[in-house]
Amino acid sequence: MTLPPATAPSHDLLAVAKSLDAESLSRVVALRDWLVTIAARMEDPNEVLAGFLNRLIELGLPVDRAVSAIEALHTEYAGIGRFWTREEGTVVRYLPHGDRREAVYQASPFAYVNRTGEWLILDLDETSEDLFAVIPELKEAGYRQYVTVPILFTNGAENAISFATRTPGGFGPRELTILRLVMPSFALVTELRATSNRLDEVLRIYVGDDPHKAILSGAIQRGQVTRIRSAILFADMRDYTHISSTLSPESAVELLNTYFDCIVPPIEDEGGEVLKYLGDGVLAIVRDKGDDTGGAAQSALTAATHALRRIEAANSEGRFPVPIGVGFALHHGDAAYGNVGSGQRLDFTVIGRDVNLASRIAELNKRLGEPLLMSKPFVEHLWGNPSPLGEHVVEGFAEAIEVYRP
């Protein structure tokens, strides 16, 4: 048994609304208003779902279980599932990328309603257990009726939500009418929130945590510069050009990802931020916290030493095509974010003398045979007693630079 498409024209919804009594219709309007005003601005999506379901229950809908699945644009998962029951509230599950997840989805009620564009309403007492994999689970838990509703976004993303009840007789005509009237508003708010989250996530993934906040707050004019006092970390793989020249593009990407998996987690564990991936290079900072510049320097040094240990372990485990070496340079100064470019194509990049100096010190690693070098401004903030390696001329700087090793 099915209902007409959930995307039915507004005049059809008006005809549906006429079947409700005045009090029920007034409460439906109040729920729609709550969705597009308060729920649209709530920070916690779990509270949005719980608030929506609790208001449906107050309207007389015997909802005992609800599951939503919303596509996500994220490097680590393909979507977010929210599983709600009266007994346990909301549980979040992240839906993985990959063929297995796609195969499970294609055989599910959610894929069915997205293919047909229609609601799926099943009387579970009369539904064969082999229709969908979830049916035996629903029956065993005592559910009597199951309703699945497609939520199609304007960008083509396929999403859905299901409702289940243990009440004999399930959702009656009044309850289904209420659902028909509120689902367009729920779908609209869901898309608005998902679109905002996608924009936020994509910017964070590609430009970093603090820059993405600056961009979203309006810092998009060419020439704008923001200075951040911090410990600056620059890491560079040795002989990457030679190593990658013998690899396929796919193998080169795998090499870089394994390499970055060794470098980046220790930086983030120490409260650092990766600002840029520069081919095989990583530019990161650990911000000063007030006058405690020593804390930032120590965190950057800890991150670098831990990353070197991870590289050593990966080499011993044979995780790289050939053993690799890495050079770390640590400096302290200003990391300046700036908008550079032309016309409508800008880059939110990291610029400035101190950033350039960190990259030049990294070039000394191979020359001096040291995996980790520190500048004098950096060691002045350390609590330890590093070993001096003398002054060295680096490209682009008139004065020789004093460098140290731990």
# chains A, B, ... in the order shown; residues from 1 in each chain; ligands from 1

call {"tool": "select_by_dssp", "arguments": {"residues": "region 154-265 of chain A", "states": "strand (DSSP E)", "output": "PyMOL selection string"}}
result
chain A and resi 158-165+225-237

call {"tool": "residues_around", "arguments": {"residues": "Gly89 (chain A)", "least_positions_apart": "6", "cutoff": "10 Å", "atoms": "only C-alpha atoms", "output": "MDAnalysis selection string"}}
result
chainID A and resid 46:47 49:50 65:66 82:83

call {"tool": "write_last_selection", "arguments": {"atoms": "C-alpha atoms", "output": "PDB file, in the first residue's frame"}}
result
ATOM      1  CA  ASN A  46      19.699  15.236  17.424  1.00  0.00           C
ATOM      2  CA  GLU A  47      17.544  17.734  19.295  1.00  0.00           C
ATOM      3  CA  LEU A  49      14.844  15.089  15.339  1.00  0.00           C
ATOM      4  CA  ALA A  50      13.780  14.414  18.928  1.00  0.00           C
ATOM      5  CA  ARG A  65      10.826   4.259  16.294  1.00  0.00           C
ATOM      6  CA  ALA A  66      12.256   6.586  13.653  1.00  0.00           C
ATOM      7  CA  ARG A  82      20.020   8.824  13.319  1.00  0.00           C
ATOM      8  CA  PHE A  83      18.168   6.028  15.113  1.00  0.00           C
TER       9      PHE A  83
END

call {"tool": "residues_around", "arguments": {"residues": "region 169-184 of chain A", "least_positions_apart": "4", "cutoff": "6 Å", "atoms": "only C-alpha atoms", "output": "JSON, numbers by chain"}}
result
{"A": [32, 61, 145]}

call {"tool": "write_last_selection", "arguments": {"atoms": "N, CA and C atoms", "output": "mmCIF file, in the first residue's frame"}}
result
data_model
loop_
_atom_site.group_PDB
_atom_site.id
_atom_site.type_symbol
_atom_site.label_atom_id
_atom_site.label_comp_id
_atom_site.auth_asym_id
_atom_site.auth_seq_id
_atom_site.Cartn_x
_atom_site.Cartn_y
_atom_site.Cartn_z
ATOM 1 N N ARG A 32 4.718 23.100 11.869
ATOM 2 C CA ARG A 32 5.427 23.578 10.673
ATOM 3 C C ARG A 32 6.178 24.868 10.970
ATOM 4 N N LEU A 61 0.309 10.956 17.144
ATOM 5 C CA LEU A 61 0.910 9.922 16.297
ATOM 6 C C LEU A 61 1.686 8.943 17.176
ATOM 7 N N GLN A 145 3.444 -1.414 12.149
ATOM 8 C CA GLN A 145 3.377 -0.693 10.872
ATOM 9 C C GLN A 145 4.660 0.106 10.669
#

call {"tool": "atom_distance", "arguments": {"atom1": "CA of Leu120 (chain A)", "atom2": "CA of Pro45 (chain A)"}}
result
24.7 Å

call {"tool": "closest_residue", "arguments": {"among": "A:Asp236, A:Asp130, A:Glu270, A:Asp99", "to": "Ala296 (chain A)", "atoms": "only C-alpha atoms"}}
result
A:Glu270

call {"tool": "residues_around", "arguments": {"residues": "Asp291 (chain A)", "least_positions_apart": "4", "cutoff": "12 Å", "atoms": "only C-alpha atoms", "output": "PyMOL selection string"}}
result
chain A and resi 229-230+287+295-296+381

call {"tool": "write_last_selection", "arguments": {"atoms": "C-alpha atoms", "output": "compact mmCIF listing (two decimals), in the first residue's frame"}}
result
# COMPACT_ATOMS: atom_id res chain seq x y z
CA ARG A 229 51.49 34.50 16.64
CA SER A 230 52.43 30.85 16.87
CA ARG A 287 48.92 28.99 18.44
CA GLY A 295 53.58 25.86 25.61
CA ALA A 296 53.12 26.30 21.87
CA HIS A 381 60.59 29.64 23.92

call {"tool": "residues_around", "arguments": {"residues": "Phe153 (chain A)", "least_positions_apart": "2", "cutoff": "9 Å", "atoms": "only C-alpha atoms", "output": "PyMOL selection string"}}
result
chain A and resi 151+155-159+187-188+190-191

call {"tool": "atom_distance", "arguments": {"atom1": "CA of Thr195 (chain A)", "atom2": "CA of Glu71 (chain A)"}}
result
10.3 Å

call {"tool": "closest_residue", "arguments": {"among": "A:Asp292, A:Glu317, A:Ala307, A:Gly223", "to": "Gly341 (chain A)", "atoms": "only C-alpha atoms"}}
result
A:Gly223

call {"tool": "atom_distance", "arguments": {"atom1": "CA of Ile311 (chain A)", "atom2": "CA of Cys262 (chain A)"}}
result
5.9 Å

call {"tool": "closest_residue", "arguments": {"among": "A:Ser196, A:Ser108, A:Ser185, A:Ser24", "to": "Arg41 (chain A)", "atoms": "only C-alpha atoms"}}
result
A:Ser196

call {"tool": "residues_around", "arguments": {"residues": "Val63 (chain A)", "least_positions_apart": "6", "cutoff": "8 Å", "atoms": "only C-alpha atoms", "output": "ChimeraX atom specification"}}
result
/A:53,56-57,163-165

call {"tool": "closest_residue", "arguments": {"among": "A:Ala103, A:Leu256, A:Leu192, A:Ile70", "to": "Ala160 (chain A)", "atoms": "only C-alpha atoms"}}
result
A:Ile70

call {"tool": "select_by_dssp", "arguments": {"residues": "region 56-265 of chain A", "states": "alpha helix (DSSP H)", "output": "number ranges by chain"}}
result
A: 56-58, 99-106, 109-116, 134-140, 173-207, 209-216, 240-244, 249-265

call {"tool": "residues_around", "arguments": {"residues": "region 330-332 of chain A", "least_positions_apart": "2", "cutoff": "10 Å", "atoms": "only C-alpha atoms", "output": "NGL selection string"}}
result
:A and (229-235 or 284-288 or 293 or 296-297 or 300-301 or 304 or 328 or 334-335 or 354-355 or 357-359 or 361-362 or 372-381 or 403-405)

call {"tool": "closest_residue", "arguments": {"among": "A:Ser68, A:Thr349, A:Thr116, A:Asn54", "to": "Thr226 (chain A)", "atoms": "only C-alpha atoms"}}
result
A:Thr349
